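Here's the structure we're looking at; comments come further down.
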Amino acid sequence: MEPVATTFFFYLLAGLAVLGGVLTITRRNPVHSALALILTLLAIAGLYLMLYAPFVAGVQIILYAGGIMVLFLFVIMLVNLEKSQKEDQFNKQWVVGIVAAVALGGLFIGVYVKGQALFPEPHAHFVESENTQKIADLLYGNYMLAFEIASLLLLVAIVGAVVMAKKRI
Amino acid sequence: MLDYIQSYLNSNVTPGQAGNVFWAFVYIVLIFLGLSVAVIAMNWLERKILAHMQVRLGPMRVGPHGLLQPIADAIKLLIKEDIMPAEADKVVFWMAPVMVVIIAFTTFIVVPFGPTHAVTDMNIGVLFMLGVSSLGVLGIVMAGWASNSHYPLIGALRSSAQMVSYEVAMGLAVVSAVLMTSLTASGTGTLSMIGIVQAQQQQQIWFAFKFFPLGLIAFFIFAVAMVAETNRAPFDLPEAESELTAGFHTEYSGFRWSLFFLAEYSAMIAVSSIAVALWLGGWLRPFPHALSGETWDLVFSLFPGLTFFFLAGMAFFSTARMPKHPFFRIQTLGLGAFGGLLGLLGIALLVPGVRERVQDIYWFSIKVAVFMYLYIWYRGTFPRYRFDQLMKVGWKILLPMGIGVLVLTAIVGVLL
């Protein structure tokens with residue numbers, strides 16, 4: 001079977017993700033920003049598919065669709081659209097911003113230049129049809145304790161949210 | 001060319017797995033056409049069946065028994081003025097119906113009409129269908145918000161609350177069915193739609209009846225949640241006519257409105273096919289093991305043709321009962337010709353080579369059709385829920401039931 005993970009699709013998806021990211025921070029209307037964020041997240045799901053990780057891609061779509069949904073509702077119910085249209089979007093700390101951007105960019109370039117030696121060789125064979133099963137083996141086998149602790153943390157967070165939101169239980 | 005087609009017919013993987021772009025494209029076009037025809041048929045059937053349930057006649061004017069009514073409706077919608085509210089958010093207003101339709105059709109990539117009759121078989125089939133169809137609510141909220149009007153916004157908010165709550169129960173029911181797939185000989189479960197149906201074939205039982213009554217309860221939870229997910233009666237609060245005019249698509253007209261209509265019905269077909277694939281044995285014919293053997297195979301393979309003969313018979317019966325007045329002559333002739341066409345299709349489906357190939361597609365479609373009838377039946381008989389009742393059913397009844405079934409399924413699966 002011909003691999004779909006061609007360079008063309010990588011650049012297409014990566015471009016879409018970057019475009020969505022730029023739109024997210026430049027749109028004045030928060031709803032438009034949320035929609036642009038969906039574009040980014042879906043493009044990233046596509047990138048996961050190209051890495052032969054369909055389970056991660058599917059979970060990305062489900063979780064972030066739900067997440068963005070909630071964000072959308074927050075925007076509709078809490079944000080004053082009229083006011084946000086007039087406000088400045090960016091604060092004007094150019095010096096700090098440029099320093100941070102250059103540092104991050106330098107880091108990326110450094111990793112890219114020296115990276116080939118640092119990172120292990122990718123596995124030659126990705127079996128797409130076993131992706132879900134492999135993840136399940138890892139989560140419920142090797143990393144069982146960490147996984148359960150993380151889920152317990154989330155449970156505590158949920159209970160905490162309910163306690164804080166509801167005066168009488 | 002013929003050799004090429006012949007070689008495909010003998011293959012035993014889906015076009016997506018074989019990496020065959022041409023056949024994948026053919027399948028996509030076929031599914032698109034089939035869905036459009038199914039939506040048109042549903043439009044007519046829904047009005048007719050609802051009418052008969054309420055002791056009315058339903059559409060009778062356009063064509064015999066109103067058979068051409070959907071086509072007339074479609075033409076009306078296409079030539080209707082397309083209004084965009086002045087204060088609407090233009091881009092989002094334009095994007096919402098397009099997004100809803102794309103999402104509704106995308107889910108059909110993994111629907112298994114047969115062991116080889118799917119566009120592709122993904123390792124994450126069910127997850128993909130649930131994920132992509134959960135994106136649909138975004139389109140609805142976008143439509144409601146972009147209309148910049150009160151009723152659509154309330155409809156959209158209701159819709160999002162409803163979908164988010166019922167998705168949880170739905171997901172739990174699906175997980176308990178996926179758990180059952182891990183009881184096969186190889187011992188590993190699967191999320192692929194085709195794999196799930198094959199697991200039912202291997203275990204020789206539909207998952208709805210496995211671990212009685214656990215499978216049945218999970219199926220029931222899904223069957224309730226899927227009605228809520230598609231915003232249909234009795235859970236159609238997002239478009240409750242008496243309260244919100246038409247809900248989230250109040251401001252839409254003409255072609256854009258018809259896109260919402262198309263998306264709603266294809267989403268109904270999509271969730272029904274998840275239910276069929278997960279619990280009702282997908283493309284498997286009834287009793288493939290209890291009633292096996294060549295005779296039974298032959299008997300069951302005659303069903304597609306006989307179904308069309310039955311429809312043709314109904315058409316001929318109605319032709320005979322048409323009024324004898326000269327005014328109705330063209331309609332009578334048309335209905336007779338329609339019956340003849342159905343009969344010819346029935347004969348074509350009885351040809352040995354054809355009837356073996358369409359078997360699985362037929363059984364899958366007929367099971368989905370039962371669900372579509374149920375949708376209409378619900379709409380005709382159940383009163384609409386109040387919003388607090390809806391939330392109560394979702395969170396306080398279906399969710400605990402779902403968790404309970406999931407835990408019990410896991411326990412029983414380990415013990416047996």
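Residue numbering restarts at 1 for every chain of the structure tokens, chains are lettered A, B, ... in their displayed order, and ligands are numbered from 1 as they appear.
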Near A:Lys134, counting only C-alpha atoms, which residues have an atom at most 12 Å away, once you skip same-chain residues fewer than 3 positions from it, shown as an mmCIF file with N, CA and C atoms, in the first residue's frame?
data_model
loop_
_atom_site.group_PDB
_atom_site.id
_atom_site.type_symbol
_atom_site.label_atom_id
_atom_site.label_comp_id
_atom_site.auth_asym_id
_atom_site.auth_seq_id
_atom_site.Cartn_x
_atom_site.Cartn_y
_atom_site.Cartn_z
ATOM 1 N N ALA A 53 -0.740 7.091 14.045
ATOM 2 C CA ALA A 53 -1.270 7.006 15.404
ATOM 3 C C ALA A 53 -2.752 7.366 15.364
ATOM 4 N N PRO A 54 -3.584 6.511 14.761
ATOM 5 C CA PRO A 54 -4.998 6.880 14.582
ATOM 6 C C PRO A 54 -5.732 7.079 15.895
ATOM 7 N N PHE A 55 -5.345 6.313 16.931
ATOM 8 C CA PHE A 55 -6.070 6.446 18.199
ATOM 9 C C PHE A 55 -5.880 7.844 18.788
ATOM 10 N N VAL A 56 -4.637 8.304 18.751
ATOM 11 C CA VAL A 56 -4.358 9.645 19.283
ATOM 12 C C VAL A 56 -5.139 10.684 18.475
ATOM 13 N N PHE A 126 5.690 0.883 11.431
ATOM 14 C CA PHE A 126 4.563 1.286 12.255
ATOM 15 C C PHE A 126 3.385 0.432 11.842
ATOM 16 N N VAL A 127 2.819 -0.289 12.770
ATOM 17 C CA VAL A 127 1.654 -1.089 12.417
ATOM 18 C C VAL A 127 0.423 -0.321 12.854
ATOM 19 N N GLU A 128 -0.242 0.258 11.866
ATOM 20 C CA GLU A 128 -1.368 1.120 12.171
ATOM 21 C C GLU A 128 -2.483 0.333 12.833
ATOM 22 N N SER A 129 -2.627 -0.948 12.429
ATOM 23 C CA SER A 129 -3.786 -1.707 12.896
ATOM 24 C C SER A 129 -3.647 -2.122 14.347
ATOM 25 N N GLU A 130 -2.479 -1.867 14.977
ATOM 26 C CA GLU A 130 -2.327 -2.278 16.366
ATOM 27 C C GLU A 130 -2.149 -1.088 17.292
ATOM 28 N N ASN A 131 -2.323 0.106 16.743
ATOM 29 C CA ASN A 131 -2.041 1.313 17.523
ATOM 30 C C ASN A 131 -2.829 1.365 18.821
ATOM 31 N N ASP A 137 -2.041 -1.420 26.037
ATOM 32 C CA ASP A 137 -1.039 -2.206 26.757
ATOM 33 C C ASP A 137 -0.184 -1.312 27.633
ATOM 34 N N LEU A 138 0.236 -0.171 27.055
ATOM 35 C CA LEU A 138 1.105 0.725 27.822
ATOM 36 C C LEU A 138 0.365 1.328 29.008
ATOM 37 N N LEU A 139 -0.862 1.837 28.726
ATOM 38 C CA LEU A 139 -1.585 2.555 29.779
ATOM 39 C C LEU A 139 -1.985 1.626 30.909
ATOM 40 N N TYR A 140 -2.463 0.445 30.568
ATOM 41 C CA TYR A 140 -2.960 -0.451 31.616
ATOM 42 C C TYR A 140 -1.928 -1.501 32.011
ATOM 43 N N GLY A 141 -0.743 -1.455 31.379
ATOM 44 C CA GLY A 141 0.301 -2.388 31.751
ATOM 45 C C GLY A 141 1.437 -1.663 32.439
ATOM 46 N N ASN A 142 2.335 -1.117 31.632
ATOM 47 C CA ASN A 142 3.551 -0.507 32.179
ATOM 48 C C ASN A 142 3.260 0.689 33.074
ATOM 49 N N ASN B 123 -8.734 1.398 12.133
ATOM 50 C CA ASN B 123 -8.488 0.780 13.432
ATOM 51 C C ASN B 123 -9.303 1.460 14.523
ATOM 52 N N THR B 188 -7.890 -10.093 21.679
ATOM 53 C CA THR B 188 -7.750 -8.644 21.642
ATOM 54 C C THR B 188 -9.016 -8.027 21.082
ATOM 55 N N GLY B 189 -9.440 -6.937 21.695
ATOM 56 C CA GLY B 189 -10.618 -6.239 21.215
ATOM 57 C C GLY B 189 -10.269 -5.368 20.035
ATOM 58 N N THR B 190 -11.282 -4.740 19.464
ATOM 59 C CA THR B 190 -11.026 -3.856 18.344
ATOM 60 C C THR B 190 -12.055 -2.740 18.332
#
Problem set entry | 6 Å contact set for stretch 314-327 of chain B, only C-alpha atoms, chain neighbours under 3 positions out, as a list in words | Leu311, Thr332, Gly336 and Gly339 of chain B
Kindly assemble as CSV a list of the chain B residues that lie within 10 Å of chain A, each paired with its nearest atom pair and their distance in Å to one decimal, using only C-alpha atoms, sorted first by chain and then by ascending residue number.
residue,atom,partner,partner_atom,distance
B:Gly16,CA,A:Met1,CA,9.6
B:Gln17,CA,A:Met1,CA,7.7
B:Ala18,CA,A:Met1,CA,6.5
B:Gly19,CA,A:Met1,CA,5.5
B:Asn20,CA,A:Met1,CA,8.7
B:Asp89,CA,A:His32,CA,9.9
B:Val91,CA,A:His32,CA,9.2
B:Val92,CA,A:His32,CA,8.0
B:Asp121,CA,A:Ser129,CA,9.7
B:Met122,CA,A:Ser129,CA,7.8
B:Asn123,CA,A:Ser129,CA,5.3
B:Ile124,CA,A:Phe55,CA,6.0
B:Gly125,CA,A:Gly58,CA,9.1
B:Val126,CA,A:Gly58,CA,9.5
B:Leu127,CA,A:Gly58,CA,6.1
B:Phe128,CA,A:Gly58,CA,5.6
B:Met129,CA,A:Gly58,CA,9.1
B:Leu130,CA,A:Ile62,CA,7.5
B:Gly131,CA,A:Ile62,CA,4.5
B:Val132,CA,A:Ile61,CA,7.2
B:Ser133,CA,A:Ile62,CA,9.2
B:Ser134,CA,A:Ile62,CA,7.0
B:Leu135,CA,A:Ala65,CA,5.9
B:Gly136,CA,A:Ala65,CA,9.4
B:Val137,CA,A:Met69,CA,8.1
B:Leu138,CA,A:Met69,CA,6.5
B:Val141,CA,A:Phe72,CA,8.3
B:Met142,CA,A:Val31,CA,8.8
B:Trp145,CA,A:Ile76,CA,7.8
B:Ala146,CA,A:Val31,CA,9.5
B:Leu153,CA,A:Ile76,CA,9.3
B:Ala156,CA,A:Leu73,CA,9.9
B:Leu157,CA,A:Leu73,CA,7.7
B:Ser160,CA,A:Met69,CA,7.7
B:Ala161,CA,A:Val70,CA,9.5
B:Met163,CA,A:Gly66,CA,10.0
B:Val164,CA,A:Gly66,CA,7.5
B:Glu167,CA,A:Gly66,CA,9.9
B:Thr188,CA,A:Gln133,CA,7.5
B:Gly189,CA,A:Gln133,CA,7.8
B:Thr190,CA,A:Gln133,CA,7.8
B:Leu191,CA,A:Thr132,CA,8.1
B:Ser192,CA,A:Ser129,CA,9.2
Problem set entry | Nearby residues (only C-alpha atoms) at most 7 Å from B:Gly247, same-chain spacing under 2 positions excluded, as a PyMOL selection string | chain B and resi 151-152+155+238-240+244-245+249-250
Mind checking DSSP for stretch 254-331 of chain B and telling me the alpha helix (DSSP H) residues as a compact mmCIF listing (two decimals) with C-alpha atoms, in the first residue's frame?
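Resulting contents of states22.txt:
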# COMPACT_ATOMS: atom_id res chain seq x y z
CA GLY B 254 -33.80 27.96 0.86
CA PHE B 255 -30.73 25.97 0.00
CA ARG B 256 -28.91 26.54 3.29
CA TRP B 257 -31.90 25.24 5.22
CA SER B 258 -32.05 22.17 3.02
CA LEU B 259 -28.40 21.49 3.88
CA PHE B 260 -29.38 21.33 7.56
CA PHE B 261 -32.20 19.00 6.64
CA LEU B 262 -29.86 16.75 4.67
CA ALA B 263 -27.34 16.72 7.53
CA GLU B 264 -29.97 15.89 10.13
CA TYR B 265 -31.23 12.88 8.22
CA SER B 266 -27.78 11.61 7.29
CA ALA B 267 -26.74 11.93 10.93
CA MET B 268 -29.78 9.83 11.84
CA ILE B 269 -28.70 7.18 9.35
CA ALA B 270 -25.11 7.36 10.64
CA VAL B 271 -25.96 6.77 14.31
CA SER B 272 -28.42 4.04 13.33
CA SER B 273 -25.64 2.30 11.46
CA ILE B 274 -23.40 2.49 14.53
CA ALA B 275 -26.19 0.83 16.52
CA VAL B 276 -26.67 -1.83 13.83
CA ALA B 277 -22.97 -2.57 13.53
CA LEU B 278 -22.33 -2.71 17.26
CA TRP B 279 -25.37 -4.58 18.55
CA GLU B 294 -27.28 -24.27 1.69
CA THR B 295 -31.06 -24.33 1.79
CA TRP B 296 -31.26 -21.55 4.37
CA ASP B 297 -28.58 -19.58 2.53
CA LEU B 298 -30.72 -19.76 -0.58
CA VAL B 299 -33.88 -18.79 1.28
CA PHE B 300 -32.26 -15.76 2.90
CA SER B 301 -30.57 -14.70 -0.33
CA PHE B 303 -35.05 -11.67 0.51
CA PRO B 304 -33.69 -8.63 -1.42
CA GLY B 305 -35.59 -9.56 -4.56
CA LEU B 306 -38.75 -10.44 -2.63
CA THR B 307 -38.65 -7.09 -0.81
CA PHE B 308 -38.71 -5.29 -4.13
CA PHE B 309 -41.47 -7.59 -5.38
CA PHE B 310 -43.48 -6.66 -2.29
CA LEU B 311 -42.98 -2.95 -2.99
CA ALA B 312 -43.89 -3.50 -6.63
CA GLY B 313 -46.99 -5.39 -5.53
CA MET B 314 -48.00 -2.45 -3.32
CA ALA B 315 -47.52 -0.08 -6.26
CA PHE B 316 -49.66 -2.30 -8.55
CA PHE B 317 -52.32 -2.61 -5.86
CA SER B 318 -52.48 1.17 -5.59
CA THR B 319 -52.54 1.46 -9.37
CA ALA B 320 -55.60 -0.75 -9.48
CA ARG B 321 -57.25 1.38 -6.82
CA ARG B 329 -54.73 8.72 -16.28
CA ILE B 330 -51.14 9.99 -16.29
CA GLN B 331 -50.78 9.43 -12.56
